[in-house]
Structures are given as C-alpha cells and as structure tokens.
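Working notes, beginning with the structure itself.
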Amino acid sequence: MNGQKIWTSYADAPAQWCLALVRTDPDAPGSAGISVLLIDMASPGITVRPIPTLAGPHELNEVFFDDVVVPADCLLGRQEQGWEIVRTGLAFERVGVARYARAGFVLEVLVDHARSTSVGGRPLAEDPLVRAKLADLRIRCEAARLVSYQAIARQAAGTVPVAEAAVARMHNTVLEQLAGQLALELLGPAAQLTHDDPDAPLGGLAWRQWVRNIPTTVAAGTLETQKNILGRALGLPRSA
Ligand SMILES: Cc1cc2nc3c(=O)[nH]c(=O)nc-3n(C[C@H](O)[C@H](O)[C@H](O)COP(=O)(O)OP(=O)(O)OC[C@H]3O[C@@H](n4cnc5c(N)ncnc54)[C@H](O)[C@@H]3O)c2cc1C
C-alpha cells in the first residue's frame, strides 16, 4: 500500500492500528473501487508526522504509507465494499452526545458567572440582552439533546441513522461554536487568556471552548457535506 493521509487524529497517541480506505480497483469509477484495510501501525513503511495547531491539546497528524505490506486477513468486509462500510461507520461517529453535554456545561458556568458578576452595579443576569442570549443557548442545548436522542433511538432500533446523524452533527457542532462565542462575549477581552494564565477568567474555559471548536464543523464531514447527505435523504435533486 502506498499513499498519505492528512488530519489523522491521535495517530501518534500512539495508535496500534489504523483503519484506511484504500483504492483496490484502479479502474473502478469514484467510490466504487475502494476497500477498508485494518493496518498495524508498527508495519515497516509507516511514518507519522504530528501537525502542531493553536487549537488546544495536540491531536492532528499526517500519516505516510510507503510500500506497506498488509496481510489479506486485514481486509474489513469484502473487497471494494469500503464506501458502504465507511458511510455506515460515519453515521455512528457523527452523533457524538459529548457535544451538547460540553456546550451545556459551558452554559451552566456562564449562568453562574452572570449571577455572581456585576457590571455598573447591576448583576449581569439582570441585563435583558444577556438573559436573552443565555436563554437562546439553553433552548439550543435542549434541541441538541432531542436530535441526539432521535439518532440514538434509531441506532438502538438497529437501523443506521444517516439523516438523523447529519442533523445532529450540523446542529450540535454549531451549538459548540455558539457556546464558545457567548463565553467570549460575556467575559470580555480577558476571555482570550489561556488556562495556564492565573488571570484567565473561569480557568480559561471560554478560550478553550472557542478555539477547540473552530474546526469542529469540518471534522467527520463539513457542514456542506452534512447538508448534501440530508438533501439526499429527503429525496432532493442532486447537485450538478
Ligand atoms: C480537527 C479535525 C480532526 C480530523 N480527524 C480526522 C481523522 O481522525 N481521520 C480522518 O480520516 N480525517 C480526519 N479529519 C479530516 C476531515 O474528515 C476532513 O478535513 C473533512 O472531511 C473535510 O474534507 P477535506 O479536508 O478534504 O475538505 P474538502 O472536501 O476539500 O472540502 C473543502 C471545502 O469544500 C466544500 N465542499 C466539498 N465538497 C462539497 C460538495 N460536494 N458540496 C458543497 N461543498 C463541498 C467543503 O464543505 C469545504 O468547505 C479531521 C479534520 C479536522 C479539522
């Protein structure tokens, strides 16, 4: 096997195995000639290069495969069944209940902050604009809980939640970004201080929530990809 894959989360964790989509039929069109291989990361020919980013703890890597030999029994499913396998797998990966739980935690911390902090002699929690923004986030958290449960209910019933996972991902990744944005707004310029700065308000929570969620609407399929999946599930015409 030869090739390269960028943005591989936790490849240097270290990972013992990776799952790769590889082209096994060079003549088949598009997604038709692809298979899934389980690859031992200790195989000769694999190089993992970390990619440093500003977005919190290290996660991302680029992985290179140079003449890597993969045993035939490391084929997952059937040869050329790769696209079907990975589409199903991604429908499960995309749900991610942790997302609305994290945003919900940030919201609770912000509500406490608004109650205990006064600006110009008045608690932030009495400011109608602040109240409206917190309420908006609370409603979105509740909606996130429901769309996640809808997808999980389909999983529990033994079906693949393709459309439901796309809805959950679109809604809940944007929710995480909104939680970070509201935290920055309420805490002001000091919110940009990171957790290792003793002056960082709320232990650097606002910055962490904001910066770590910039790429969240890209990972596991961008928002546009999710919209395409949903459009297809709704029977809308395909884009040209
Ligand atoms: C934090 C993070 C972690 C990641 N972890 C992993 C990992 O562990 N393993 C892994 O395999 N990958 C990982 N990725 C990669 C991620 O899955 C891809 O970056 C993502 O699916 C987008 O693909 P791309 O980068 O090729 O962008 P492209 O597909 O090139 O998209 C570029 C732009 O074009 C738009 N676009 C593309 N096609 C269409 C279309 N048909 N219609 C409308 N708009 C379109 C996209 O929305 C986007 O705005 C990670 C990425 C990030 C940011």
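Note on naming: chains are A, B, ... as they come in the structure tokens, residues start from 1 per chain, ligands start from 1 in the order shown.
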### Selection as a PyMOL selection string: residues within 9 Å of ligand 1 by only C-alpha atoms and all ligand atoms
chain A and resi 5-11+19-21+55+59-61+212-228+239
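Omitting region 62-70 of chain A and its sequence neighbours fewer than 4 positions away, and counting only C-alpha atoms, the residues within 7 Å are Met1, Asn2, Gly3, Gln4, Lys5, Ile6, Trp7, Thr8, Ile39, Ser43, Pro44, Gly45, Ile46, Thr47, Val48, Arg49, Pro50, Ile51 and Cys74 of chain A.
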Save out the residues we just selected, C-alpha atoms, as a PDB file, in the first residue's frame.
ATOM      1  CA  MET A   1       0.000   0.000   0.000  1.00  0.00           C
ATOM      2  CA  ASN A   2       1.216   3.481  -0.889  1.00  0.00           C
ATOM      3  CA  GLY A   3      -0.257   6.859  -0.014  1.00  0.00           C
ATOM      4  CA  GLN A   4      -0.662   9.598   2.508  1.00  0.00           C
ATOM      5  CA  LYS A   5      -3.432  10.802   4.833  1.00  0.00           C
ATOM      6  CA  ILE A   6      -3.573  14.202   6.451  1.00  0.00           C
ATOM      7  CA  TRP A   7      -5.552  15.212   9.599  1.00  0.00           C
ATOM      8  CA  THR A   8      -5.416  11.825  11.302  1.00  0.00           C
ATOM      9  CA  ILE A  39      -3.342  -1.686   9.324  1.00  0.00           C
ATOM     10  CA  SER A  43       4.302  -2.124   9.980  1.00  0.00           C
ATOM     11  CA  PRO A  44       7.508  -1.109   8.163  1.00  0.00           C
ATOM     12  CA  GLY A  45       6.928   1.890   5.846  1.00  0.00           C
ATOM     13  CA  ILE A  46       4.570   3.904   8.091  1.00  0.00           C
ATOM     14  CA  THR A  47       5.648   7.404   9.162  1.00  0.00           C
ATOM     15  CA  VAL A  48       3.558   9.597  11.471  1.00  0.00           C
ATOM     16  CA  ARG A  49       4.243  13.336  11.441  1.00  0.00           C
ATOM     17  CA  PRO A  50       2.496  15.463  14.105  1.00  0.00           C
ATOM     18  CA  ILE A  51       0.840  18.705  12.929  1.00  0.00           C
ATOM     19  CA  CYS A  74      -6.740  -7.436   7.464  1.00  0.00           C
TER      20      CYS A  74
END
#### Entry: Contact residues around Gly204 (chain A) with only C-alpha atoms at 7 Å, ignoring same-chain residues under 5 positions, as a list in words
Ala191, Leu193, Thr194 and His195 of chain A
Output of the above residues as a short mmCIF file (atom, residue, chain, number, x, y, z; two decimals), in the first residue's frame, restricted to C-alpha atoms:
data_model
loop_
_atom_site.label_atom_id
_atom_site.label_comp_id
_atom_site.auth_asym_id
_atom_site.auth_seq_id
_atom_site.Cartn_x
_atom_site.Cartn_y
_atom_site.Cartn_z
CA ALA A 191 -11.52 35.58 27.97
CA LEU A 193 -6.28 34.29 28.25
CA THR A 194 -5.44 30.59 28.25
CA HIS A 195 -5.84 28.17 31.16
#
### Query
Expressed in Å to a single decimal, how great is the separation between CA of Ala103 (chain A) and CA of Leu178 (chain A)?
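If I compute the distance from CA of Ala103 (chain A) to CA of Leu178 (chain A), I get 8.5 Å.
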### Task
Just give me the gap between CA of Gln192 (chain A) and CA of Ala168 (chain A) in Å, one decimal is fine.
28.7 Å
### Query
Taking into account only C-alpha atoms, which residue in the set A:Asp40, A:Gly33, A:Arg131, A:Arg145 is nearest to Pro71 (chain A)?
A:Asp40
### Query
Do you know which residues are at most 12 Å from Ala151 (chain A) counting only C-alpha atoms, after dropping those on the same chain fewer than 4 positions away, and could you put them as a list of chain:residue names?
A:Ala91, A:Phe92, A:Glu93, A:Arg94, A:Val95, A:Gly96, A:Val97, A:Ala144, A:Arg145, A:Leu146, A:Val147, A:Gln155, A:Ala156, A:Ala157, A:Gly158, A:Thr159, A:Val160, A:Pro161, A:Val162, A:Ala163, A:Glu164, A:Ala165, A:Ala166, A:Val167, A:Ala168, A:Arg169
What would the file look like if the residues just selected were written as an mmCIF file, in the first residue's frame with C-alpha atoms?
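Saved the output as again.cif:
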data_model
loop_
_atom_site.group_PDB
_atom_site.id
_atom_site.type_symbol
_atom_site.label_atom_id
_atom_site.label_comp_id
_atom_site.auth_asym_id
_atom_site.auth_seq_id
_atom_site.Cartn_x
_atom_site.Cartn_y
_atom_site.Cartn_z
ATOM 1 C CA ALA A 91 -23.292 7.820 10.559
ATOM 2 C CA PHE A 92 -22.431 6.448 14.022
ATOM 3 C CA GLU A 93 -19.367 8.664 14.564
ATOM 4 C CA ARG A 94 -21.281 11.821 13.711
ATOM 5 C CA VAL A 95 -23.816 11.684 16.516
ATOM 6 C CA GLY A 96 -21.455 12.378 19.465
ATOM 7 C CA VAL A 97 -23.592 13.169 22.540
ATOM 8 C CA ALA A 144 -29.421 19.278 20.726
ATOM 9 C CA ARG A 145 -30.444 16.748 23.354
ATOM 10 C CA LEU A 146 -33.542 15.832 21.369
ATOM 11 C CA VAL A 147 -31.836 15.483 17.966
ATOM 12 C CA GLN A 155 -29.313 3.126 16.408
ATOM 13 C CA ALA A 156 -30.932 1.300 19.325
ATOM 14 C CA ALA A 157 -33.634 0.051 16.934
ATOM 15 C CA GLY A 158 -30.896 -1.485 14.755
ATOM 16 C CA THR A 159 -31.057 0.999 11.867
ATOM 17 C CA VAL A 160 -28.391 3.353 10.536
ATOM 18 C CA PRO A 161 -29.263 6.975 11.428
ATOM 19 C CA VAL A 162 -27.963 8.614 8.243
ATOM 20 C CA ALA A 163 -30.232 11.696 8.094
ATOM 21 C CA GLU A 164 -30.576 11.953 11.884
ATOM 22 C CA ALA A 165 -26.781 11.858 12.342
ATOM 23 C CA ALA A 166 -26.358 14.644 9.764
ATOM 24 C CA VAL A 167 -28.975 16.778 11.565
ATOM 25 C CA ALA A 168 -27.360 16.110 14.956
ATOM 26 C CA ARG A 169 -23.912 16.937 13.636
#
### Task
Could you pull out the residues in region 1-239 of chain A that DSSP calls strand (DSSP E or B) from the backbone, as JSON, numbers by chain?
{"A": [3, 4, 5, 6, 17, 18, 19, 20, 21, 22, 23, 34, 35, 36, 37, 38, 39, 40, 46, 47, 48, 49, 50, 61, 62, 63, 64, 65, 75, 76, 118, 119, 122, 123]}
### Task
Name the residues of region 73-220 of chain A that come out as alpha helix (DSSP H) in a backbone DSSP run; write them as JSON, numbers by chain.
{"A": [82, 83, 84, 85, 86, 87, 88, 89, 90, 91, 92, 93, 98, 99, 100, 101, 102, 103, 104, 105, 106, 107, 108, 109, 110, 111, 112, 113, 114, 115, 116, 128, 129, 130, 131, 132, 133, 134, 135, 136, 137, 138, 139, 140, 141, 142, 143, 144, 145, 146, 147, 148, 149, 150, 151, 152, 153, 154, 155, 156, 162, 163, 164, 165, 166, 167, 168, 169, 170, 171, 172, 173, 174, 175, 176, 177, 178, 179, 180, 181, 182, 183, 184, 185, 186, 187, 205, 206, 207, 208, 209, 210, 211, 212]}
Please save C-alpha atoms of the selected residues as a tab-separated table (two decimals), in the first residue's frame.
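Below you can see result22.tsv, which holds the result:
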chain	number	residue	atom	x	y	z
A	82	GLY	CA	-15.21	0.16	1.52
A	83	TRP	CA	-17.54	3.03	0.73
A	84	GLU	CA	-20.59	1.26	2.14
A	85	ILE	CA	-18.70	0.33	5.33
A	86	VAL	CA	-17.32	3.80	5.96
A	87	ARG	CA	-20.60	5.59	5.23
A	88	THR	CA	-22.30	3.42	7.83
A	89	GLY	CA	-19.46	3.94	10.32
A	90	LEU	CA	-19.54	7.71	9.87
A	91	ALA	CA	-23.29	7.82	10.56
A	92	PHE	CA	-22.43	6.45	14.02
A	93	GLU	CA	-19.37	8.66	14.56
A	98	ALA	CA	-20.50	14.68	24.22
A	99	ARG	CA	-21.02	17.76	22.09
A	100	TYR	CA	-24.23	19.04	23.61
A	101	ALA	CA	-23.07	17.93	27.07
A	102	ARG	CA	-19.95	20.12	26.72
A	103	ALA	CA	-21.98	23.09	25.49
A	104	GLY	CA	-24.46	22.51	28.34
A	105	PHE	CA	-21.61	22.58	30.87
A	106	VAL	CA	-20.31	25.88	29.46
A	107	LEU	CA	-23.84	27.30	29.63
A	108	GLU	CA	-24.22	26.37	33.31
A	109	VAL	CA	-20.87	28.00	34.12
A	110	LEU	CA	-21.93	31.16	32.24
A	111	VAL	CA	-25.25	31.33	34.09
A	112	ASP	CA	-23.38	31.15	37.43
A	113	HIS	CA	-20.99	33.80	36.19
A	114	ALA	CA	-23.87	36.09	35.13
A	115	ARG	CA	-25.47	35.71	38.57
A	116	SER	CA	-22.29	36.42	40.51
A	128	PRO	CA	-32.12	41.64	29.30
A	129	LEU	CA	-29.68	41.11	26.43
A	130	VAL	CA	-27.54	38.70	28.47
A	131	ARG	CA	-30.67	36.86	29.64
A	132	ALA	CA	-31.92	36.54	26.05
A	133	LYS	CA	-28.58	35.14	24.84
A	134	LEU	CA	-28.35	32.64	27.69
A	135	ALA	CA	-31.96	31.58	27.08
A	136	ASP	CA	-31.26	31.14	23.36
A	137	LEU	CA	-28.30	28.88	24.14
A	138	ARG	CA	-30.40	26.92	26.66
A	139	ILE	CA	-33.09	26.29	24.02
A	140	ARG	CA	-30.46	25.16	21.53
A	141	CYS	CA	-28.99	22.78	24.15
A	142	GLU	CA	-32.43	21.24	24.64
A	143	ALA	CA	-32.88	20.88	20.88
A	144	ALA	CA	-29.42	19.28	20.73
A	145	ARG	CA	-30.44	16.75	23.35
A	146	LEU	CA	-33.54	15.83	21.37
A	147	VAL	CA	-31.84	15.48	17.97
A	148	SER	CA	-29.12	13.33	19.60
A	149	TYR	CA	-31.74	11.11	21.24
A	150	GLN	CA	-33.55	10.79	17.92
A	151	ALA	CA	-30.37	9.49	16.24
A	152	ILE	CA	-29.57	7.19	19.18
A	153	ALA	CA	-33.12	5.81	19.17
A	154	ARG	CA	-32.66	4.76	15.55
A	155	GLN	CA	-29.31	3.13	16.41
A	156	ALA	CA	-30.93	1.30	19.32
A	162	VAL	CA	-27.96	8.61	8.24
A	163	ALA	CA	-30.23	11.70	8.09
A	164	GLU	CA	-30.58	11.95	11.88
A	165	ALA	CA	-26.78	11.86	12.34
A	166	ALA	CA	-26.36	14.64	9.76
A	167	VAL	CA	-28.97	16.78	11.56
A	168	ALA	CA	-27.36	16.11	14.96
A	169	ARG	CA	-23.91	16.94	13.64
A	170	MET	CA	-24.98	20.19	11.95
A	171	HIS	CA	-26.92	21.39	14.95
A	172	ASN	CA	-24.61	20.28	17.73
A	173	THR	CA	-21.27	21.35	16.25
A	174	VAL	CA	-22.69	24.84	15.62
A	175	LEU	CA	-24.02	24.79	19.20
A	176	GLU	CA	-20.49	24.18	20.49
A	177	GLN	CA	-19.24	27.15	18.49
A	178	LEU	CA	-22.07	29.38	19.78
A	179	ALA	CA	-21.28	28.38	23.38
A	180	GLY	CA	-17.66	29.47	22.85
A	181	GLN	CA	-18.71	32.72	21.20
A	182	LEU	CA	-21.12	33.61	24.01
A	183	ALA	CA	-18.44	32.85	26.60
A	184	LEU	CA	-16.04	35.24	24.86
A	185	GLU	CA	-18.77	37.88	24.65
A	186	LEU	CA	-19.79	37.69	28.32
A	187	LEU	CA	-16.28	37.56	29.74
A	205	LEU	CA	-12.84	27.93	29.74
A	206	ALA	CA	-14.02	30.49	27.19
A	207	TRP	CA	-10.88	30.40	25.07
A	208	ARG	CA	-10.69	26.62	25.21
A	209	GLN	CA	-14.33	26.21	24.15
A	210	TRP	CA	-13.97	28.70	21.33
A	211	VAL	CA	-10.64	27.66	19.86
A	212	ARG	CA	-11.17	23.90	20.04
### Message
So the first atom is CA of Pro201 (chain A) and the second is CA of Thr117 (chain A); what is the distance between them in Å, to one decimal place?
### Response
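About the pair CA of Pro201 (chain A) and CA of Thr117 (chain A): they are 11.6 Å apart.
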